Protein chains: 2
Amino acid sequence: MKHQDLIFTNNVASHIDALVAKYSPSKVFVLVDENTQKLVLPQLSKASSAIDNASVITINAGDTNKNIESLSHIWAQLVEGGATRKSMLINLGGGVITDIGGFAGATFKRGIRFINVPTTLLSAVDAAVGGKTGINFNGFKNEIGAFCEAEAVIISTCFFASLSNEELLSGYAEMLKHGLISNADTYNRLLANDVVNINVEELLQLLEESVMVKKRVVEEDPTEKGIRRALNLGHTAGHAFESLALRRNKPIPHGYAVAWGLVVELVLSHMHLQFPSNELNRLASYIYNNYGAFAISCDDYPALIEFMRHDKKNDSANEINFTMLKNVGDIHIDCIASEEEIKTALDIYRDFMHI
Amino acid sequence: MKHQDLIFTNNVASHIDALVAKYSPSKVFVLVDENTQKLVLPQLSKASSAIDNASVITINAGDTNKNIESLSHIWAQLVEGGATRKSMLINLGGGVITDIGGFAGATFKRGIRFINVPTTLLSAVDAAVGGKTGINFNGFKNEIGAFCEAEAVIISTCFFASLSNEELLSGYAEMLKHGLISNADTYNRLLANDVVNINVEELLQLLEESVMVKKRVVEEDPTEKGIRRALNLGHTAGHAFESLALRRNKPIPHGYAVAWGLVVELVLSHMHLQFPSNELNRLASYIYNNYGAFAISCDDYPALIEFMRHDKKNDSANEINFTMLKNVGDIHIDCIASEEEIKTALDIYRDFMHI
């Protein structure tokens with residue numbers, strides 16, 4: 001997999017122009033959704049001549065539009081705009097834009113250069129980095145896609161001023177996960193902070209550290225045959241919470257689901273690998289205080305376990321696979337938990353969440 | 001890019017079973033079109049328990065069905081059949097099947113294992129090997145796709161008994177091209193043979209040699225940044241002939257178009273690089289005697305040049321890019337020819353073809 005350039009900056013426009021000058025693409029396209037078209041594109045067009053001269057491709061916002069229809073629209077716009085193999089696509093938006101734009105770039109004429117400019121904390125710390133691209137298909141999340149890294153990712157906090165607290169917290173949950181799989185020092189600094197009140201420079205620094213955790217893991221195992229599964233910590237239970245919330249017609253932000261999923265999976269880590277109980281308590285309190293609780297009862301257990309069973313990361317439909325920790329930074333992938341253990345962990349999660 | 005296993009055999013079934021045993025996929029799917037479902041699948045199911053137990057996915061035959069609808073159908077059948085990341089797809093058919101099946105395999109859950117079992121000479125020598133996968137889109141051939149090699153390609157002449165002479169000749173044109181870009185010895189043996197009357201063992205041996213030429217080139221440059229363009233010899237003019245034939249509603253086989261394209265591009269090679277005139281005469285006679293002529297007049301030149309100008313391989317819309325030869329095996333990529341030179345080459349092509 002090619003080398004991915006990660007740029008941490010608060011001068012996005014000049015870095016975009018420098019990258020376009022470096023690669024001198026035959027044509028530049030910029031992919032946005034309705035929101036980034038309105039809120040981000042105008043100011044960036046003023047500051048960046050590359051963006052100002054680019055052909056704009058717009059799709060509807062939201063995860064439900066990360067589908068084959070939007071993908072076909074992007075491909076068609078590239079064809080109509082005369083894109084060649086030497087053209088460049090700039091994905092300007094959150095995770096939906098970098099996921100679908102990355103997949104469009106990976107597959108148009110079997111691959112053109114693309115760069116990601118994430119505009120949310122969640123996409124900056126997660127989706128935009130690491131080469132997982134794709135779309136939802138037939139009701140399954142990210143069912144179709146490719147591993148293909150952006151030529152460069154430009155990460156900046158300058159877009160975050162307009163984010164809601166909920167969006168900030170959603171991204172911060174993935175940073176907590178990166179802290180948990182790296183080392184106590186990084187993790188402790190994250191827990192000592194409060195993303196809603198943090199200053200911009202401190203956030204950019206924590207963000208850079210967090211993204212580098214992901215980058216190192218991805219470099220070691222780009223196509224998730226092994227250690228990349230460390231990044232799934234909190235996600236088996238988290239995705240189950242997300243799916244249950246969807247079924248209730250009350251969707252929850254991805255990062256919140258991961259935050260609650262981390263609690264469940266560190267309980268399992270405690271049961272399987274003696275992850276320290278004081279660390280578990282500390283995390284559970286932080287999550288409860290900042291994210292509140294996702295309410296579940298015993299009646300939800302069978303559905304949650306069914307969702308976990310259908311997780312893409314399971315090799316077989318009979319086993320439920322988790323990434324667990326023996327301690328902060330001490331990762332054990334491919335741990336199997338039984339249904340009974342999962343039920344116990346959900347009980348303890350409810351205790352922590354006071355439900 | 002991963003290592004691709006090339007197997008030359010006349011015992012296809014046992015090799016399929018051995019590969020399935022080796023990878024022990026969670027489930028096996030076999031992709032066919034209506035033709036291979038009828039003509040090839042029944043006998044192979046009897047001989048191979050892996051094929052017999054596989055879930056069959058069928059699409060309509062023909063290049064016009066190498067589209068997003070067929071691709072979505074394959075993805076949906078994989079979902080419905082409970083495919084996991086550890087499942088395997090066996091593409092059993094000609095170039096359409098290995099192209100679209102390869103792309104489906106490359107993108108389902110961001111990539112599952114697939115093996116190609118080409119059933120035509122053309123796909124055995126060309127499409128099934130080298131990792132170019134994809135579909136047509138909005139009227140453009142192979143506009144969407146990925147570079148992704150099959151885990152293994154099982155190449156056998158046992159399927160060729162039912163091929164028409166036209167299909168055999170179509171595949172042989174790509175073998176001639178491989179001969180031209182390799183060395184005089186290989187090339188001479190190809191010209192000394194007649195694919196319609198060749199015996200099966202001799203053909204399998206020539207085929208193996210030919211596929212290895214492609215394999216070596218692809219290994220050196222999997223994503224066609226440089227030397228892989230050698231494989232485009234004959235294809236810039238050839239694709240233009242194909243497109244013109246389509247516009248006339250009288251499609252011609254791909255290999256025939258390449259055969260005629262080789263004549264045009266070796267004329268250009270003679271003009272630019274002094275490719276020897278005796279070799280040029282020899283090839284042109286062989287092509288005329290075996291493939292006949294594709295009839296064009298001066299009136300077709302502007303359309304042909306327009307088609308060449310829109311070739312995916314051009315970096316800019318202003319230049320027309322060719323692979324040329326100074327001699328057999330002496331390859332020069334990225335040669336630019338002017339419109340006037342192309343017109344002259346088309347004149348000489350018509351002389352060779354007695355039109």
# chains A, B, ... in the order shown; residues from 1 in each chain; ligands from 1
call {"tool": "closest_atom_pairs", "arguments": {"of": "chain A", "to": "chain B", "cutoff": "10 Å", "atoms": "only C-alpha atoms", "output": "CSV"}}
result
residue,atom,partner,partner_atom,distance
A:Met1,CA,B:Met1,CA,8.6
A:Pro25,CA,B:Asp315,CA,9.7
A:Ser26,CA,B:Ser316,CA,7.1
A:Ile68,CA,B:Ser72,CA,8.7
A:Ser72,CA,B:Ile68,CA,8.7
A:Trp75,CA,B:Ile144,CA,8.1
A:Ala76,CA,B:Asn138,CA,7.2
A:Val79,CA,B:Asn138,CA,8.1
A:Glu80,CA,B:Asn138,CA,9.6
A:Gly82,CA,B:Ala317,CA,9.1
A:Ala83,CA,B:Lys312,CA,9.8
A:Thr84,CA,B:Asp315,CA,6.8
A:Arg85,CA,B:Asp315,CA,6.9
A:Lys86,CA,B:Asp315,CA,6.4
A:Ser87,CA,B:Asp315,CA,9.2
A:Phe103,CA,B:Thr107,CA,9.5
A:Ala104,CA,B:Ile144,CA,8.7
A:Gly105,CA,B:Ile144,CA,9.8
A:Ala106,CA,B:Ala146,CA,7.1
A:Thr107,CA,B:Gly145,CA,4.8
A:Phe108,CA,B:Ile144,CA,4.8
A:Lys109,CA,B:Glu143,CA,4.9
A:Arg110,CA,B:Ala146,CA,4.4
A:Gly111,CA,B:Ala146,CA,6.8
A:Lys132,CA,B:Arg110,CA,8.0
A:Thr133,CA,B:Arg110,CA,8.0
A:Gly134,CA,B:Arg110,CA,7.6
A:Ile135,CA,B:Lys109,CA,9.9
A:Phe137,CA,B:Ala76,CA,8.2
A:Asn138,CA,B:Ala76,CA,7.2
A:Phe140,CA,B:Val79,CA,9.0
A:Lys141,CA,B:Lys109,CA,9.6
A:Asn142,CA,B:Lys109,CA,7.2
A:Glu143,CA,B:Lys109,CA,4.9
A:Ile144,CA,B:Phe108,CA,4.8
A:Gly145,CA,B:Arg110,CA,4.5
A:Ala146,CA,B:Arg110,CA,4.4
A:Phe147,CA,B:Arg110,CA,6.3
A:Cys148,CA,B:Arg110,CA,9.6
A:Thr223,CA,B:Arg110,CA,8.6
A:His310,CA,B:Thr84,CA,9.6
A:Asp311,CA,B:Thr84,CA,9.7
A:Lys312,CA,B:Thr84,CA,7.0
A:Lys313,CA,B:Arg85,CA,7.8
A:Asn314,CA,B:Thr84,CA,8.0
A:Asp315,CA,B:Lys86,CA,6.4
A:Ser316,CA,B:Ser26,CA,7.0
A:Ala317,CA,B:Thr84,CA,8.6
call {"tool": "write_last_selection", "arguments": {"atoms": "N, CA and C atoms", "output": "compact mmCIF listing (two decimals), in the first residue's frame"}}
result
# COMPACT_ATOMS: atom_id res chain seq x y z
N MET A 1 0.85 -1.20 0.00
CA MET A 1 0.00 0.00 0.00
C MET A 1 0.88 1.25 0.00
N PRO A 25 -2.44 17.52 -11.53
CA PRO A 25 -3.46 16.67 -12.14
C PRO A 25 -4.02 17.32 -13.40
N SER A 26 -4.54 16.45 -14.31
CA SER A 26 -5.14 16.97 -15.54
C SER A 26 -6.39 17.78 -15.22
N ILE A 68 -25.08 3.00 -3.55
CA ILE A 68 -24.67 2.78 -4.93
C ILE A 68 -25.17 3.91 -5.85
N SER A 72 -22.70 6.01 -8.17
CA SER A 72 -22.87 6.11 -9.62
C SER A 72 -22.91 7.57 -10.05
N TRP A 75 -19.29 8.79 -10.12
CA TRP A 75 -18.62 8.25 -11.32
C TRP A 75 -19.08 9.00 -12.57
N ALA A 76 -20.40 9.20 -12.69
CA ALA A 76 -20.95 9.85 -13.89
C ALA A 76 -20.44 11.29 -14.01
N VAL A 79 -16.95 11.20 -15.31
CA VAL A 79 -16.96 10.96 -16.76
C VAL A 79 -17.31 12.25 -17.49
N GLU A 80 -18.42 12.85 -17.07
CA GLU A 80 -18.90 14.07 -17.76
C GLU A 80 -17.90 15.20 -17.68
N GLY A 82 -14.83 14.96 -17.79
CA GLY A 82 -13.61 14.67 -18.55
C GLY A 82 -12.44 14.23 -17.69
N ALA A 83 -12.72 13.57 -16.58
CA ALA A 83 -11.63 13.09 -15.73
C ALA A 83 -10.79 12.04 -16.46
N THR A 84 -9.47 12.11 -16.31
CA THR A 84 -8.56 11.09 -16.85
C THR A 84 -7.89 10.40 -15.65
N ARG A 85 -7.04 9.43 -15.96
CA ARG A 85 -6.29 8.76 -14.89
C ARG A 85 -5.41 9.70 -14.11
N LYS A 86 -5.12 10.85 -14.68
CA LYS A 86 -4.25 11.82 -14.01
C LYS A 86 -5.05 12.91 -13.31
N SER A 87 -6.35 12.72 -13.18
CA SER A 87 -7.14 13.71 -12.46
C SER A 87 -7.06 13.46 -10.96
N PHE A 103 -13.80 5.51 -2.29
CA PHE A 103 -14.13 4.34 -3.11
C PHE A 103 -14.29 4.74 -4.59
N ALA A 104 -14.91 5.90 -4.81
CA ALA A 104 -15.03 6.39 -6.20
C ALA A 104 -13.63 6.60 -6.79
N GLY A 105 -12.75 7.20 -6.01
CA GLY A 105 -11.38 7.44 -6.49
C GLY A 105 -10.62 6.15 -6.71
N ALA A 106 -10.84 5.18 -5.84
CA ALA A 106 -10.13 3.89 -5.94
C ALA A 106 -10.55 3.12 -7.19
N THR A 107 -11.75 3.37 -7.70
CA THR A 107 -12.30 2.54 -8.77
C THR A 107 -12.48 3.26 -10.10
N PHE A 108 -12.45 4.58 -10.13
CA PHE A 108 -12.63 5.27 -11.41
C PHE A 108 -11.40 5.05 -12.28
N LYS A 109 -11.60 4.48 -13.45
CA LYS A 109 -10.48 4.08 -14.34
C LYS A 109 -9.46 3.24 -13.57
N ARG A 110 -9.94 2.42 -12.66
CA ARG A 110 -9.11 1.58 -11.77
C ARG A 110 -8.19 2.39 -10.86
N GLY A 111 -8.60 3.60 -10.55
CA GLY A 111 -7.87 4.34 -9.53
C GLY A 111 -7.28 5.66 -9.98
N LYS A 132 -9.69 2.59 4.47
CA LYS A 132 -10.95 1.86 4.34
C LYS A 132 -11.94 2.75 3.62
N THR A 133 -12.32 2.35 2.40
CA THR A 133 -13.30 3.13 1.65
C THR A 133 -14.50 2.24 1.38
N GLY A 134 -15.64 2.82 1.04
CA GLY A 134 -16.77 1.96 0.70
C GLY A 134 -18.12 2.60 0.83
N ILE A 135 -19.12 1.77 0.58
CA ILE A 135 -20.52 2.19 0.64
C ILE A 135 -21.33 1.13 1.40
N PHE A 137 -24.62 -1.34 1.49
CA PHE A 137 -25.28 -2.09 0.41
C PHE A 137 -26.31 -3.04 1.00
N ASN A 138 -27.53 -2.99 0.45
CA ASN A 138 -28.60 -3.89 0.89
C ASN A 138 -28.77 -3.90 2.41
N PHE A 140 -26.57 -3.30 4.70
CA PHE A 140 -25.37 -3.60 5.49
C PHE A 140 -24.36 -2.46 5.37
N LYS A 141 -23.81 -2.07 6.51
CA LYS A 141 -22.87 -0.94 6.52
C LYS A 141 -21.53 -1.33 5.90
N ASN A 142 -21.01 -0.50 5.04
CA ASN A 142 -19.68 -0.69 4.44
C ASN A 142 -19.49 -2.09 3.85
N GLU A 143 -20.57 -2.62 3.27
CA GLU A 143 -20.52 -3.99 2.76
C GLU A 143 -19.65 -4.08 1.49
N ILE A 144 -19.61 -2.99 0.73
CA ILE A 144 -18.85 -2.96 -0.52
C ILE A 144 -17.78 -1.88 -0.40
N GLY A 145 -16.57 -2.19 -0.82
CA GLY A 145 -15.53 -1.17 -0.72
C GLY A 145 -14.17 -1.69 -1.11
N ALA A 146 -13.17 -0.90 -0.82
CA ALA A 146 -11.79 -1.29 -1.15
C ALA A 146 -10.85 -0.71 -0.11
N PHE A 147 -9.72 -1.37 0.07
CA PHE A 147 -8.65 -0.77 0.85
C PHE A 147 -7.84 0.10 -0.10
N CYS A 148 -7.87 1.39 0.08
CA CYS A 148 -7.12 2.28 -0.83
C CYS A 148 -6.87 3.60 -0.10
N THR A 223 -4.61 -4.42 5.43
CA THR A 223 -5.86 -5.06 5.01
C THR A 223 -6.52 -5.88 6.12
N HIS A 310 -23.57 -11.10 13.58
CA HIS A 310 -23.50 -10.78 12.15
C HIS A 310 -22.42 -9.76 11.82
N ASP A 311 -21.59 -9.43 12.78
CA ASP A 311 -20.52 -8.47 12.53
C ASP A 311 -19.61 -9.00 11.43
N LYS A 312 -19.25 -8.09 10.49
CA LYS A 312 -18.40 -8.46 9.35
C LYS A 312 -17.08 -9.06 9.77
N LYS A 313 -16.65 -8.73 10.98
CA LYS A 313 -15.32 -9.17 11.41
C LYS A 313 -15.28 -10.62 11.91
N ASN A 314 -16.46 -11.22 12.09
CA ASN A 314 -16.46 -12.62 12.49
C ASN A 314 -16.10 -13.51 11.30
N ASP A 315 -15.22 -14.46 11.51
CA ASP A 315 -14.85 -15.37 10.43
C ASP A 315 -15.94 -16.41 10.22
N SER A 316 -16.62 -16.75 11.28
CA SER A 316 -17.68 -17.74 11.17
C SER A 316 -18.90 -17.19 11.90
N ALA A 317 -20.08 -17.60 11.44
CA ALA A 317 -21.31 -17.06 12.03
C ALA A 317 -21.55 -17.62 13.43
call {"tool": "residues_around", "arguments": {"residues": "segment 47-56 of chain B", "least_positions_apart": "2", "cutoff": "9 Å", "atoms": "only C-alpha atoms", "output": "list in words"}}
result
Val12, Ala13, Ser14, His15, Ile16, Asp17, Val20, Ala21, Lys27, Val28, Phe29, Val30, Leu31, Val32, Gln37, Leu41, Pro42, Gln43, Leu44, Ser45, Thr58, Gly81 and Ile90 of chain B
call {"tool": "residues_around", "arguments": {"residues": "Arg282 of chain B", "least_positions_apart": "3", "cutoff": "12 Å", "atoms": "only C-alpha atoms", "output": "PyMOL selection string"}}
result
chain B and resi 187-188+191-192+263+266+276-279+285-289+352
call {"tool": "closest_residue", "arguments": {"among": "A:Gly329, A:Pro302, A:Gly131, A:Gly93", "to": "Lys343 of chain A", "atoms": "only C-alpha atoms"}}
result
A:Pro302
call {"tool": "closest_residue", "arguments": {"among": "B:Glu69, B:Glu340, B:Asp126, B:Asp334", "to": "Ala230 of chain B", "atoms": "only C-alpha atoms"}}
result
B:Asp334
call {"tool": "select_by_dssp", "arguments": {"residues": "segment 181-228 of chain B", "states": "helix (DSSP H, G or I)", "output": "JSON, numbers by chain"}}
result
{"B": [181, 182, 184, 185, 186, 187, 188, 189, 190, 191, 200, 201, 202, 203, 204, 205, 206, 207, 208, 209, 210, 211, 212, 213, 214, 215, 216, 217, 218, 219, 220, 227, 228]}
call {"tool": "write_last_selection", "arguments": {"atoms": "C-alpha atoms", "output": "PDB file, in the first residue's frame"}}
result
ATOM      1  CA  ILE B 181       6.794  -7.886 -27.119  1.00  0.00           C
ATOM      2  CA  SER B 182       8.869 -10.858 -25.934  1.00  0.00           C
ATOM      3  CA  ALA B 184      11.896 -13.550 -31.926  1.00  0.00           C
ATOM      4  CA  ASP B 185      11.908 -17.211 -30.975  1.00  0.00           C
ATOM      5  CA  THR B 186       8.479 -17.194 -29.287  1.00  0.00           C
ATOM      6  CA  TYR B 187       7.089 -14.943 -31.983  1.00  0.00           C
ATOM      7  CA  ASN B 188       8.353 -17.131 -34.832  1.00  0.00           C
ATOM      8  CA  ARG B 189       6.810 -20.247 -33.356  1.00  0.00           C
ATOM      9  CA  LEU B 190       3.474 -18.467 -33.123  1.00  0.00           C
ATOM     10  CA  LEU B 191       3.629 -17.352 -36.752  1.00  0.00           C
ATOM     11  CA  VAL B 200      -4.073 -29.387 -27.967  1.00  0.00           C
ATOM     12  CA  GLU B 201      -0.699 -30.057 -26.357  1.00  0.00           C
ATOM     13  CA  GLU B 202       1.136 -27.673 -28.625  1.00  0.00           C
ATOM     14  CA  LEU B 203      -1.496 -25.015 -27.910  1.00  0.00           C
ATOM     15  CA  LEU B 204      -1.252 -25.460 -24.136  1.00  0.00           C
ATOM     16  CA  GLN B 205       2.518 -25.039 -24.372  1.00  0.00           C
ATOM     17  CA  LEU B 206       2.316 -21.899 -26.525  1.00  0.00           C
ATOM     18  CA  LEU B 207      -0.408 -20.599 -24.232  1.00  0.00           C
ATOM     19  CA  GLU B 208       1.728 -21.122 -21.145  1.00  0.00           C
ATOM     20  CA  GLU B 209       4.632 -19.294 -22.747  1.00  0.00           C
ATOM     21  CA  SER B 210       2.328 -16.465 -23.769  1.00  0.00           C
ATOM     22  CA  VAL B 211       0.737 -16.092 -20.349  1.00  0.00           C
ATOM     23  CA  MET B 212       4.177 -16.004 -18.742  1.00  0.00           C
ATOM     24  CA  VAL B 213       5.105 -13.037 -20.955  1.00  0.00           C
ATOM     25  CA  LYS B 214       2.127 -11.157 -19.568  1.00  0.00           C
ATOM     26  CA  LYS B 215       2.811 -12.297 -16.016  1.00  0.00           C
ATOM     27  CA  ARG B 216       6.385 -10.981 -16.111  1.00  0.00           C
ATOM     28  CA  VAL B 217       5.301  -7.594 -17.430  1.00  0.00           C
ATOM     29  CA  VAL B 218       2.510  -7.295 -14.864  1.00  0.00           C
ATOM     30  CA  GLU B 219       4.794  -8.239 -11.986  1.00  0.00           C
ATOM     31  CA  GLU B 220       7.155  -5.474 -12.968  1.00  0.00           C
ATOM     32  CA  ILE B 227       6.210  -0.961 -18.794  1.00  0.00           C
ATOM     33  CA  ARG B 228       2.798  -2.605 -18.485  1.00  0.00           C
TER      34      ARG B 228
END
call {"tool": "atom_distance", "arguments": {"atom1": "atom CA of Asn165 of chain A", "atom2": "atom CA of Phe241 of chain A"}}
result
20.5 Å
